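Participant: Data: upload_21.txt, compact mmCIF, N, CA and C atoms.
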# COMPACT_ATOMS: atom_id res chain seq x y z
N MET A 1 126.78 -19.92 43.15
CA MET A 1 125.58 -19.43 43.79
C MET A 1 125.52 -17.90 43.77
N LYS A 2 126.69 -17.27 44.06
CA LYS A 2 126.72 -15.80 44.05
C LYS A 2 126.35 -15.26 42.68
N ASN A 3 126.82 -15.91 41.63
CA ASN A 3 126.51 -15.46 40.27
C ASN A 3 125.01 -15.58 39.97
N LEU A 4 124.38 -16.63 40.49
CA LEU A 4 122.95 -16.81 40.30
C LEU A 4 122.17 -15.70 41.00
N ILE A 5 122.56 -15.35 42.21
CA ILE A 5 121.88 -14.28 42.96
C ILE A 5 122.04 -12.95 42.24
N VAL A 6 123.25 -12.66 41.79
CA VAL A 6 123.50 -11.41 41.06
C VAL A 6 122.66 -11.36 39.79
N CYS A 7 122.60 -12.48 39.07
CA CYS A 7 121.80 -12.54 37.84
C CYS A 7 120.32 -12.32 38.15
N LEU A 8 119.82 -12.94 39.20
CA LEU A 8 118.42 -12.77 39.56
C LEU A 8 118.12 -11.32 39.94
N LEU A 9 119.02 -10.70 40.66
CA LEU A 9 118.81 -9.31 41.04
C LEU A 9 118.83 -8.40 39.81
N LEU A 10 119.74 -8.62 38.91
CA LEU A 10 119.84 -7.78 37.72
C LEU A 10 118.69 -8.00 36.76
N CYS A 11 118.15 -9.19 36.72
CA CYS A 11 117.06 -9.50 35.80
C CYS A 11 115.68 -9.26 36.41
N SER A 12 115.64 -8.99 37.68
CA SER A 12 114.38 -8.84 38.38
C SER A 12 113.63 -7.59 37.92
N PRO A 13 112.31 -7.67 37.76
CA PRO A 13 111.53 -6.48 37.41
C PRO A 13 111.47 -5.46 38.55
N PHE A 14 111.95 -5.84 39.73
CA PHE A 14 111.90 -4.94 40.87
C PHE A 14 113.14 -4.07 40.99
N VAL A 15 114.12 -4.29 40.13
CA VAL A 15 115.31 -3.45 40.16
C VAL A 15 114.93 -2.05 39.71
N LEU A 16 115.33 -1.07 40.48
CA LEU A 16 114.98 0.32 40.18
C LEU A 16 115.98 0.92 39.21
N THR A 17 115.48 1.66 38.26
CA THR A 17 116.36 2.40 37.37
C THR A 17 116.74 3.70 38.05
N ALA A 18 117.70 4.39 37.49
CA ALA A 18 118.22 5.63 38.09
C ALA A 18 117.08 6.60 38.37
N GLY A 19 117.04 7.10 39.59
CA GLY A 19 116.06 8.12 39.94
C GLY A 19 114.74 7.58 40.46
N GLU A 20 114.42 6.31 40.15
CA GLU A 20 113.13 5.78 40.60
C GLU A 20 113.11 5.53 42.09
N GLY A 21 114.29 5.33 42.70
CA GLY A 21 114.35 5.07 44.13
C GLY A 21 114.29 6.34 44.95
N ASP A 22 114.36 7.50 44.30
CA ASP A 22 114.31 8.76 45.02
C ASP A 22 112.95 8.95 45.66
N ASN A 23 112.98 9.61 46.79
CA ASN A 23 111.74 10.00 47.44
C ASN A 23 111.01 10.95 46.49
N PRO A 24 109.75 10.67 46.14
CA PRO A 24 109.04 11.53 45.19
C PRO A 24 108.98 12.99 45.63
N LYS A 25 108.80 13.24 46.92
CA LYS A 25 108.74 14.62 47.40
C LYS A 25 110.09 15.32 47.20
N ASP A 26 111.17 14.59 47.42
CA ASP A 26 112.50 15.18 47.18
C ASP A 26 112.71 15.46 45.69
N ALA A 27 112.25 14.54 44.85
CA ALA A 27 112.40 14.73 43.40
C ALA A 27 111.59 15.94 42.92
N ILE A 28 110.40 16.11 43.47
CA ILE A 28 109.56 17.26 43.11
C ILE A 28 110.22 18.54 43.60
N ARG A 29 110.75 18.51 44.81
CA ARG A 29 111.43 19.69 45.35
C ARG A 29 112.62 20.08 44.47
N LYS A 30 113.33 19.09 43.93
CA LYS A 30 114.46 19.36 43.04
C LYS A 30 114.00 20.08 41.77
N VAL A 31 112.84 19.70 41.25
CA VAL A 31 112.30 20.36 40.06
C VAL A 31 112.02 21.83 40.37
N LEU A 32 111.39 22.08 41.51
CA LEU A 32 111.06 23.45 41.89
C LEU A 32 112.31 24.27 42.19
N ASP A 33 113.28 23.65 42.86
CA ASP A 33 114.54 24.35 43.14
C ASP A 33 115.27 24.70 41.84
N ALA A 34 115.25 23.79 40.87
CA ALA A 34 115.88 24.05 39.58
C ALA A 34 115.18 25.20 38.86
N GLN A 35 113.86 25.27 39.00
CA GLN A 35 113.13 26.38 38.39
C GLN A 35 113.58 27.72 39.01
N VAL A 36 113.69 27.77 40.31
CA VAL A 36 114.12 29.01 40.98
C VAL A 36 115.52 29.40 40.52
N GLN A 37 116.42 28.44 40.47
CA GLN A 37 117.79 28.72 40.04
C GLN A 37 117.82 29.25 38.61
N ALA A 38 117.08 28.62 37.72
CA ALA A 38 117.05 29.06 36.32
C ALA A 38 116.47 30.47 36.22
N TRP A 39 115.37 30.71 36.91
CA TRP A 39 114.73 32.03 36.88
C TRP A 39 115.71 33.10 37.33
N ASN A 40 116.39 32.83 38.42
CA ASN A 40 117.28 33.83 39.00
C ASN A 40 118.53 34.07 38.16
N LYS A 41 118.79 33.20 37.20
CA LYS A 41 119.87 33.43 36.23
C LYS A 41 119.33 34.08 34.96
N GLY A 42 118.02 34.33 34.91
CA GLY A 42 117.41 34.90 33.71
C GLY A 42 117.20 33.87 32.61
N ASP A 43 117.22 32.60 32.97
CA ASP A 43 117.10 31.49 32.01
C ASP A 43 115.66 30.99 31.98
N LEU A 44 114.84 31.65 31.17
CA LEU A 44 113.42 31.30 31.12
C LEU A 44 113.21 29.90 30.54
N LEU A 45 113.99 29.51 29.55
CA LEU A 45 113.84 28.16 29.00
C LEU A 45 114.21 27.11 30.04
N GLY A 46 115.23 27.40 30.84
CA GLY A 46 115.58 26.48 31.93
C GLY A 46 114.46 26.38 32.95
N PHE A 47 113.83 27.52 33.26
CA PHE A 47 112.69 27.54 34.17
C PHE A 47 111.56 26.67 33.61
N MET A 48 111.34 26.77 32.31
CA MET A 48 110.25 26.03 31.67
C MET A 48 110.49 24.52 31.62
N GLU A 49 111.72 24.07 31.92
CA GLU A 49 111.99 22.63 31.98
C GLU A 49 111.14 21.94 33.04
N GLY A 50 110.69 22.71 34.03
CA GLY A 50 109.85 22.13 35.08
C GLY A 50 108.43 21.85 34.63
N TYR A 51 108.06 22.39 33.47
CA TYR A 51 106.71 22.19 32.93
C TYR A 51 106.70 21.04 31.93
N TRP A 52 105.56 20.39 31.84
CA TRP A 52 105.33 19.33 30.86
C TRP A 52 105.31 19.96 29.49
N LYS A 53 106.17 19.52 28.63
CA LYS A 53 106.26 20.10 27.28
C LYS A 53 105.20 19.44 26.41
N SER A 54 103.98 19.93 26.58
CA SER A 54 102.82 19.33 25.92
C SER A 54 101.78 20.41 25.63
N PRO A 55 101.00 20.22 24.56
CA PRO A 55 99.89 21.15 24.32
C PRO A 55 98.79 21.00 25.37
N ASP A 56 98.87 19.96 26.20
CA ASP A 56 97.86 19.74 27.23
C ASP A 56 98.20 20.40 28.57
N LEU A 57 99.36 21.03 28.67
CA LEU A 57 99.70 21.79 29.87
C LEU A 57 98.68 22.92 30.03
N SER A 58 98.24 23.18 31.26
CA SER A 58 97.33 24.30 31.50
C SER A 58 97.94 25.24 32.53
N PHE A 59 97.75 26.54 32.29
CA PHE A 59 98.28 27.58 33.17
C PHE A 59 97.18 28.62 33.36
N PHE A 60 96.75 28.80 34.60
CA PHE A 60 95.72 29.78 34.93
C PHE A 60 96.33 30.84 35.83
N SER A 61 96.09 32.10 35.51
CA SER A 61 96.58 33.20 36.33
C SER A 61 95.58 34.35 36.24
N GLY A 62 95.09 34.79 37.40
CA GLY A 62 94.08 35.84 37.39
C GLY A 62 92.87 35.39 36.61
N ASN A 63 92.48 36.17 35.61
CA ASN A 63 91.33 35.85 34.78
C ASN A 63 91.77 35.29 33.42
N ASN A 64 93.03 34.88 33.32
CA ASN A 64 93.57 34.41 32.05
C ASN A 64 94.01 32.96 32.15
N LYS A 65 93.98 32.29 31.01
CA LYS A 65 94.50 30.93 30.97
C LYS A 65 95.29 30.73 29.68
N ALA A 66 96.30 29.89 29.80
CA ALA A 66 97.12 29.52 28.64
C ALA A 66 97.02 28.02 28.49
N ALA A 67 96.89 27.57 27.27
CA ALA A 67 96.81 26.14 26.98
C ALA A 67 98.07 25.73 26.23
N GLY A 68 98.86 24.88 26.85
CA GLY A 68 100.04 24.35 26.19
C GLY A 68 101.34 24.98 26.68
N TRP A 69 102.41 24.22 26.49
CA TRP A 69 103.74 24.66 26.91
C TRP A 69 104.16 25.92 26.19
N GLN A 70 103.97 25.97 24.88
CA GLN A 70 104.40 27.12 24.09
C GLN A 70 103.66 28.40 24.51
N ALA A 71 102.36 28.29 24.72
CA ALA A 71 101.58 29.46 25.15
C ALA A 71 102.01 29.92 26.54
N THR A 72 102.37 28.99 27.40
CA THR A 72 102.84 29.34 28.74
C THR A 72 104.18 30.06 28.65
N LEU A 73 105.07 29.55 27.82
CA LEU A 73 106.36 30.21 27.59
C LEU A 73 106.14 31.64 27.07
N GLU A 74 105.28 31.79 26.09
CA GLU A 74 105.03 33.12 25.51
C GLU A 74 104.43 34.07 26.54
N ARG A 75 103.59 33.57 27.41
CA ARG A 75 103.04 34.41 28.48
C ARG A 75 104.15 34.92 29.39
N TYR A 76 105.03 34.01 29.81
CA TYR A 76 106.16 34.41 30.65
C TYR A 76 107.07 35.41 29.92
N GLN A 77 107.35 35.15 28.65
CA GLN A 77 108.21 36.05 27.88
C GLN A 77 107.61 37.45 27.83
N LYS A 78 106.33 37.52 27.55
CA LYS A 78 105.66 38.82 27.43
C LYS A 78 105.64 39.55 28.77
N LYS A 79 105.36 38.82 29.84
CA LYS A 79 105.21 39.44 31.14
C LYS A 79 106.55 39.80 31.80
N TYR A 80 107.59 39.01 31.56
CA TYR A 80 108.84 39.20 32.29
C TYR A 80 110.06 39.49 31.42
N GLN A 81 109.95 39.31 30.11
CA GLN A 81 111.11 39.57 29.26
C GLN A 81 110.80 40.57 28.15
N GLY A 82 109.61 41.14 28.16
CA GLY A 82 109.26 42.14 27.17
C GLY A 82 110.01 43.44 27.43
N GLU A 83 109.78 44.40 26.55
CA GLU A 83 110.43 45.70 26.67
C GLU A 83 110.11 46.33 28.03
N LYS A 84 111.12 46.82 28.70
CA LYS A 84 111.03 47.45 30.02
C LYS A 84 110.50 46.49 31.09
N LYS A 85 110.69 45.20 30.89
CA LYS A 85 110.27 44.20 31.86
C LYS A 85 111.52 43.61 32.52
N GLU A 86 111.35 43.06 33.68
CA GLU A 86 112.45 42.38 34.36
C GLU A 86 111.94 41.11 35.01
N MET A 87 112.83 40.15 35.17
CA MET A 87 112.44 38.89 35.80
C MET A 87 112.57 38.95 37.31
N GLY A 88 113.51 39.72 37.82
CA GLY A 88 113.70 39.81 39.26
C GLY A 88 114.28 38.53 39.83
N GLN A 89 114.24 38.42 41.14
CA GLN A 89 114.74 37.25 41.85
C GLN A 89 113.55 36.53 42.47
N LEU A 90 113.45 35.24 42.17
CA LEU A 90 112.31 34.41 42.57
C LEU A 90 112.64 33.59 43.81
N ALA A 91 111.64 33.43 44.66
CA ALA A 91 111.72 32.48 45.77
C ALA A 91 110.35 31.82 45.92
N PHE A 92 110.36 30.54 46.26
CA PHE A 92 109.15 29.82 46.60
C PHE A 92 109.13 29.64 48.12
N LYS A 93 108.00 29.93 48.74
CA LYS A 93 107.86 29.86 50.20
C LYS A 93 106.65 29.00 50.55
N ASP A 94 106.60 28.57 51.78
CA ASP A 94 105.45 27.86 52.34
C ASP A 94 105.00 26.67 51.47
N LEU A 95 105.96 25.92 50.96
CA LEU A 95 105.63 24.80 50.07
C LEU A 95 105.06 23.62 50.85
N SER A 96 104.02 23.03 50.29
CA SER A 96 103.54 21.74 50.78
C SER A 96 103.37 20.84 49.57
N ILE A 97 103.82 19.62 49.71
CA ILE A 97 103.77 18.64 48.62
C ILE A 97 102.96 17.45 49.11
N ASP A 98 101.86 17.17 48.41
CA ASP A 98 101.01 16.04 48.74
C ASP A 98 100.98 15.08 47.56
N LEU A 99 101.34 13.83 47.80
CA LEU A 99 101.30 12.83 46.74
C LEU A 99 99.86 12.39 46.52
N LEU A 100 99.50 12.28 45.25
CA LEU A 100 98.16 11.84 44.85
C LEU A 100 98.31 10.52 44.10
N GLY A 101 98.79 9.52 44.78
CA GLY A 101 99.11 8.25 44.14
C GLY A 101 100.60 8.20 43.85
N THR A 102 100.98 7.30 42.93
CA THR A 102 102.40 7.10 42.66
C THR A 102 102.96 8.03 41.59
N ASP A 103 102.08 8.64 40.79
CA ASP A 103 102.61 9.44 39.68
C ASP A 103 101.99 10.83 39.55
N HIS A 104 101.30 11.30 40.58
CA HIS A 104 100.74 12.65 40.59
C HIS A 104 100.97 13.28 41.96
N ALA A 105 101.10 14.60 41.97
CA ALA A 105 101.28 15.31 43.24
C ALA A 105 100.63 16.68 43.15
N LEU A 106 100.24 17.18 44.31
CA LEU A 106 99.68 18.51 44.45
C LEU A 106 100.68 19.33 45.26
N VAL A 107 101.07 20.48 44.71
CA VAL A 107 102.00 21.37 45.40
C VAL A 107 101.30 22.70 45.61
N LYS A 108 101.36 23.19 46.84
CA LYS A 108 100.80 24.50 47.17
C LYS A 108 101.93 25.35 47.74
N GLY A 109 101.89 26.64 47.43
CA GLY A 109 102.93 27.50 47.97
C GLY A 109 102.72 28.95 47.62
N ARG A 110 103.74 29.72 47.89
CA ARG A 110 103.75 31.16 47.62
C ARG A 110 105.00 31.48 46.82
N PHE A 111 104.83 32.35 45.82
CA PHE A 111 106.00 32.86 45.10
C PHE A 111 106.26 34.28 45.58
N GLN A 112 107.52 34.65 45.57
CA GLN A 112 107.91 36.03 45.87
C GLN A 112 108.93 36.43 44.82
N LEU A 113 108.70 37.59 44.23
CA LEU A 113 109.65 38.16 43.27
C LEU A 113 110.19 39.45 43.85
N GLN A 114 111.50 39.59 43.81
CA GLN A 114 112.11 40.84 44.23
C GLN A 114 112.59 41.55 42.96
N MET A 115 111.97 42.68 42.67
CA MET A 115 112.31 43.46 41.49
C MET A 115 112.86 44.81 41.94
N LYS A 116 113.29 45.61 40.99
CA LYS A 116 113.87 46.91 41.33
C LYS A 116 112.88 47.82 42.04
N GLN A 117 111.67 47.90 41.53
CA GLN A 117 110.68 48.84 42.05
C GLN A 117 109.55 48.20 42.85
N GLU A 118 109.44 46.89 42.80
CA GLU A 118 108.32 46.24 43.46
C GLU A 118 108.70 44.83 43.90
N ALA A 119 107.84 44.22 44.69
CA ALA A 119 108.06 42.86 45.18
C ALA A 119 106.76 42.08 45.11
N PRO A 120 106.33 41.70 43.90
CA PRO A 120 105.07 40.97 43.78
C PRO A 120 105.14 39.60 44.48
N THR A 121 104.00 39.19 44.99
CA THR A 121 103.88 37.90 45.65
C THR A 121 102.49 37.34 45.37
N GLY A 122 102.35 36.07 45.51
CA GLY A 122 101.06 35.44 45.30
C GLY A 122 101.14 33.97 45.67
N ILE A 123 100.01 33.32 45.60
CA ILE A 123 99.95 31.90 45.93
C ILE A 123 99.75 31.08 44.65
N PHE A 124 100.13 29.81 44.74
CA PHE A 124 99.97 28.94 43.57
C PHE A 124 99.62 27.53 44.00
N THR A 125 98.98 26.84 43.08
CA THR A 125 98.68 25.42 43.21
C THR A 125 99.17 24.76 41.93
N LEU A 126 99.99 23.74 42.08
CA LEU A 126 100.53 23.01 40.94
C LEU A 126 100.09 21.55 41.01
N ILE A 127 99.83 20.98 39.86
CA ILE A 127 99.65 19.54 39.77
C ILE A 127 100.83 19.03 38.94
N LEU A 128 101.56 18.09 39.51
CA LEU A 128 102.69 17.48 38.82
C LEU A 128 102.39 16.04 38.49
N LYS A 129 102.99 15.58 37.42
CA LYS A 129 102.84 14.19 36.98
C LYS A 129 104.22 13.64 36.71
N LYS A 130 104.42 12.39 37.07
CA LYS A 130 105.68 11.73 36.76
C LYS A 130 105.60 11.19 35.33
N VAL A 131 106.36 11.79 34.46
CA VAL A 131 106.42 11.40 33.04
C VAL A 131 107.79 10.79 32.78
N PRO A 132 108.04 10.23 31.60
CA PRO A 132 109.36 9.63 31.35
C PRO A 132 110.55 10.55 31.64
N ALA A 133 110.38 11.84 31.45
CA ALA A 133 111.47 12.79 31.71
C ALA A 133 111.62 13.11 33.20
N GLY A 134 110.68 12.65 34.03
CA GLY A 134 110.70 12.94 35.46
C GLY A 134 109.43 13.67 35.86
N TRP A 135 109.42 14.27 37.05
CA TRP A 135 108.26 15.02 37.52
C TRP A 135 108.16 16.33 36.77
N ARG A 136 106.95 16.63 36.25
CA ARG A 136 106.73 17.87 35.52
C ARG A 136 105.38 18.46 35.92
N ILE A 137 105.31 19.78 35.89
CA ILE A 137 104.06 20.49 36.17
C ILE A 137 103.14 20.32 34.98
N ILE A 138 101.92 19.82 35.23
CA ILE A 138 100.95 19.67 34.15
C ILE A 138 99.84 20.71 34.26
N HIS A 139 99.71 21.31 35.46
CA HIS A 139 98.73 22.38 35.66
C HIS A 139 99.28 23.36 36.71
N ASP A 140 99.18 24.64 36.39
CA ASP A 140 99.65 25.71 37.28
C ASP A 140 98.52 26.72 37.42
N HIS A 141 98.10 26.96 38.65
CA HIS A 141 97.10 28.00 38.93
C HIS A 141 97.76 28.97 39.90
N THR A 142 98.07 30.15 39.40
CA THR A 142 98.82 31.14 40.18
C THR A 142 97.96 32.39 40.32
N SER A 143 97.91 32.94 41.53
CA SER A 143 97.22 34.21 41.73
C SER A 143 98.19 35.18 42.37
N GLY A 144 98.06 36.40 41.96
CA GLY A 144 98.94 37.43 42.53
C GLY A 144 99.67 38.20 41.47
Please rewrite the model in this file as structure tokens.
Facilitator:
Amino acid sequence: MKNLIVCLLLCSPFVLTAGEGDNPKDAIRKVLDAQVQAWNKGDLLGFMEGYWKSPDLSFFSGNNKAAGWQATLERYQKKYQGEKKEMGQLAFKDLSIDLLGTDHALVKGRFQLQMKQEAPTGIFTLILKKVPAGWRIIHDHTSG
């Protein structure tokens, strides 16, 4: 009987695969925390892991927009890794995470950068989607 129960549990469509049982808000927070850690190590590609690697990713900042993961990476490279540029130390503050169903979320918050000569800050709104790789930012609207 025990073997039958074990077999039923293992074969059941309700068995969760690794990571699916995590609280979605905690999983999203982990993505954002990993972005901060990567940024603060100067690892821009690691930071970009939080974004959906797709030409359909959208990034709006000020009066500019970037379409796609590659364009978003290039924007960050130009703004923070170009000649005489610095990445500084990043922090996310005042985060709120609202689930929009089972596979989308809205994140609102504030970024703060501590640089040698300045400390830029601004607000952002992110839309995340749960894709096979996990939760990823599919739209970023940042002001500041």
Participant: How close does each residue of stretch 17-81 of chain A get to stretch 106-125 of chain A, giving the shortest atom pair and distance in Å to one decimal for every residue with an atom at most 12 Å away, counting only C-alpha atoms, sorted by chain and residue number, as CSV?
Facilitator:
residue,atom,partner,partner_atom,distance
A:Pro24,CA,A:Leu106,CA,11.7
A:Lys25,CA,A:Val107,CA,9.7
A:Ile28,CA,A:Val107,CA,8.9
A:Arg29,CA,A:Val107,CA,9.6
A:Val31,CA,A:Val107,CA,11.6
A:Leu32,CA,A:Val107,CA,9.9
A:Gln35,CA,A:Phe111,CA,11.7
A:Val36,CA,A:Phe111,CA,9.9
A:Trp39,CA,A:Leu113,CA,10.2
A:Asn40,CA,A:Leu113,CA,9.8
A:Ser58,CA,A:Thr125,CA,11.8
A:Phe59,CA,A:Thr125,CA,10.3
A:Phe60,CA,A:Phe124,CA,9.7
A:Ser61,CA,A:Phe124,CA,9.1
A:Gly62,CA,A:Gly122,CA,10.6
A:Tyr80,CA,A:Met115,CA,10.7
Participant: Emit the selected residues as an mmCIF file, in the frame of the given file, including N, CA and C atoms.
Facilitator:
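As written to disk, again_11.cif reads:
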data_model
loop_
_atom_site.group_PDB
_atom_site.id
_atom_site.type_symbol
_atom_site.label_atom_id
_atom_site.label_comp_id
_atom_site.auth_asym_id
_atom_site.auth_seq_id
_atom_site.Cartn_x
_atom_site.Cartn_y
_atom_site.Cartn_z
ATOM 1 N N PRO A 24 109.750 10.670 46.140
ATOM 2 C CA PRO A 24 109.040 11.530 45.190
ATOM 3 C C PRO A 24 108.980 12.990 45.630
ATOM 4 N N LYS A 25 108.800 13.240 46.920
ATOM 5 C CA LYS A 25 108.740 14.620 47.400
ATOM 6 C C LYS A 25 110.090 15.320 47.200
ATOM 7 N N ILE A 28 110.400 16.110 43.470
ATOM 8 C CA ILE A 28 109.560 17.260 43.110
ATOM 9 C C ILE A 28 110.220 18.540 43.600
ATOM 10 N N ARG A 29 110.750 18.510 44.810
ATOM 11 C CA ARG A 29 111.430 19.690 45.350
ATOM 12 C C ARG A 29 112.620 20.080 44.470
ATOM 13 N N VAL A 31 112.840 19.700 41.250
ATOM 14 C CA VAL A 31 112.300 20.360 40.060
ATOM 15 C C VAL A 31 112.020 21.830 40.370
ATOM 16 N N LEU A 32 111.390 22.080 41.510
ATOM 17 C CA LEU A 32 111.060 23.450 41.890
ATOM 18 C C LEU A 32 112.310 24.270 42.190
ATOM 19 N N GLN A 35 113.860 25.270 39.000
ATOM 20 C CA GLN A 35 113.130 26.380 38.390
ATOM 21 C C GLN A 35 113.580 27.720 39.010
ATOM 22 N N VAL A 36 113.690 27.770 40.310
ATOM 23 C CA VAL A 36 114.120 29.010 40.980
ATOM 24 C C VAL A 36 115.520 29.400 40.520
ATOM 25 N N TRP A 39 115.370 30.710 36.910
ATOM 26 C CA TRP A 39 114.730 32.030 36.880
ATOM 27 C C TRP A 39 115.710 33.100 37.330
ATOM 28 N N ASN A 40 116.390 32.830 38.420
ATOM 29 C CA ASN A 40 117.280 33.830 39.000
ATOM 30 C C ASN A 40 118.530 34.070 38.160
ATOM 31 N N SER A 58 98.240 23.180 31.260
ATOM 32 C CA SER A 58 97.330 24.300 31.500
ATOM 33 C C SER A 58 97.940 25.240 32.530
ATOM 34 N N PHE A 59 97.750 26.540 32.290
ATOM 35 C CA PHE A 59 98.280 27.580 33.170
ATOM 36 C C PHE A 59 97.180 28.620 33.360
ATOM 37 N N PHE A 60 96.750 28.800 34.600
ATOM 38 C CA PHE A 60 95.720 29.780 34.930
ATOM 39 C C PHE A 60 96.330 30.840 35.830
ATOM 40 N N SER A 61 96.090 32.100 35.510
ATOM 41 C CA SER A 61 96.580 33.200 36.330
ATOM 42 C C SER A 61 95.580 34.350 36.240
ATOM 43 N N GLY A 62 95.090 34.790 37.400
ATOM 44 C CA GLY A 62 94.080 35.840 37.390
ATOM 45 C C GLY A 62 92.870 35.390 36.610
ATOM 46 N N TYR A 80 107.590 39.010 31.560
ATOM 47 C CA TYR A 80 108.840 39.200 32.290
ATOM 48 C C TYR A 80 110.060 39.490 31.420
#
Participant: Write out as JSON, numbers by chain all residues of stretch 9-105 of chain A that backbone DSSP assigns to alpha helix (DSSP H).
Facilitator: {"A": [9, 10, 11, 24, 25, 26, 27, 28, 29, 30, 31, 32, 33, 34, 35, 36, 37, 38, 39, 40, 44, 45, 46, 47, 48, 69, 70, 71, 72, 73, 74, 75, 76, 77, 78, 79, 80]}
Participant: Suppose you want the space between atom N of A:Tyr51 and atom CA of A:Thr72; what is it in Å?
Facilitator: 9.9 Å
Participant: Just want the 7 Å neighbourhood of A:Lys53, counted on all atoms listed in the file, with same-chain residues fewer than 4 positions away dropped. Output as a PyMOL selection string.
Facilitator: chain A and resi 57+68-70
Participant: Calculated over all atoms listed in the file, which of the candidates A:Asn23, A:Phe47, A:Trp52, A:Lys85 has the smallest distance to A:Ile137?
Facilitator: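 That would be A:Trp52, the residue with the smallest distance to A:Ile137.
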Participant: Please compute the atom CA of A:Lys41-atom CA of A:Asp103 distance, one decimal, in Å.
Facilitator: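 Answer for the atom CA of A:Lys41 to atom CA of A:Asp103 separation: 29.8 Å.
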Participant: List every protein, DNA or RNA residue that has an atom no more than 8 Å from (101.5, 18.3, 45.2) in the file's coordinate frame, counting all atoms listed in the file, and report them as a ChimeraX atom specification.
Facilitator: /A:96-100,104-108,125-128
Participant: Take the residues that were just selected and, keeping N, CA and C atoms, output them as a compact mmCIF listing (two decimals), keeping the file's coordinate frame.
Facilitator:
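Below you can see selection.txt, which holds the result:
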# COMPACT_ATOMS: atom_id res chain seq x y z
N SER A 96 104.02 23.03 50.29
CA SER A 96 103.54 21.74 50.78
C SER A 96 103.37 20.84 49.57
N ILE A 97 103.82 19.62 49.71
CA ILE A 97 103.77 18.64 48.62
C ILE A 97 102.96 17.45 49.11
N ASP A 98 101.86 17.17 48.41
CA ASP A 98 101.01 16.04 48.74
C ASP A 98 100.98 15.08 47.56
N LEU A 99 101.34 13.83 47.80
CA LEU A 99 101.30 12.83 46.74
C LEU A 99 99.86 12.39 46.52
N LEU A 100 99.50 12.28 45.25
CA LEU A 100 98.16 11.84 44.85
C LEU A 100 98.31 10.52 44.10
N HIS A 104 101.30 11.30 40.58
CA HIS A 104 100.74 12.65 40.59
C HIS A 104 100.97 13.28 41.96
N ALA A 105 101.10 14.60 41.97
CA ALA A 105 101.28 15.31 43.24
C ALA A 105 100.63 16.68 43.15
N LEU A 106 100.24 17.18 44.31
CA LEU A 106 99.68 18.51 44.45
C LEU A 106 100.68 19.33 45.26
N VAL A 107 101.07 20.48 44.71
CA VAL A 107 102.00 21.37 45.40
C VAL A 107 101.30 22.70 45.61
N LYS A 108 101.36 23.19 46.84
CA LYS A 108 100.80 24.50 47.17
C LYS A 108 101.93 25.35 47.74
N THR A 125 98.98 26.84 43.08
CA THR A 125 98.68 25.42 43.21
C THR A 125 99.17 24.76 41.93
N LEU A 126 99.99 23.74 42.08
CA LEU A 126 100.53 23.01 40.94
C LEU A 126 100.09 21.55 41.01
N ILE A 127 99.83 20.98 39.86
CA ILE A 127 99.65 19.54 39.77
C ILE A 127 100.83 19.03 38.94
N LEU A 128 101.56 18.09 39.51
CA LEU A 128 102.69 17.48 38.82
C LEU A 128 102.39 16.04 38.49
Participant: Could you please determine the separation between atom N of A:Ala34 and atom CA of A:Phe92 in Å, to one decimal place?
Facilitator: 10.3 Å
Participant: Between A:Asp140, A:Gly50, A:Asp33, A:Val131, single out the one closest to A:Lys93, counting only C-alpha atoms.
Facilitator: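 Once distances to A:Lys93 are computed over only C-alpha atoms, the minimum belongs to A:Asp33.
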Participant: Looking at only N, CA and C atoms, which of A:Gly101, A:Gly42, A:Gly144, A:Pro55 is the one that sits closest to A:Met87?
Facilitator: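 Among the listed residues, the smallest separation from A:Met87 belongs to A:Gly42.
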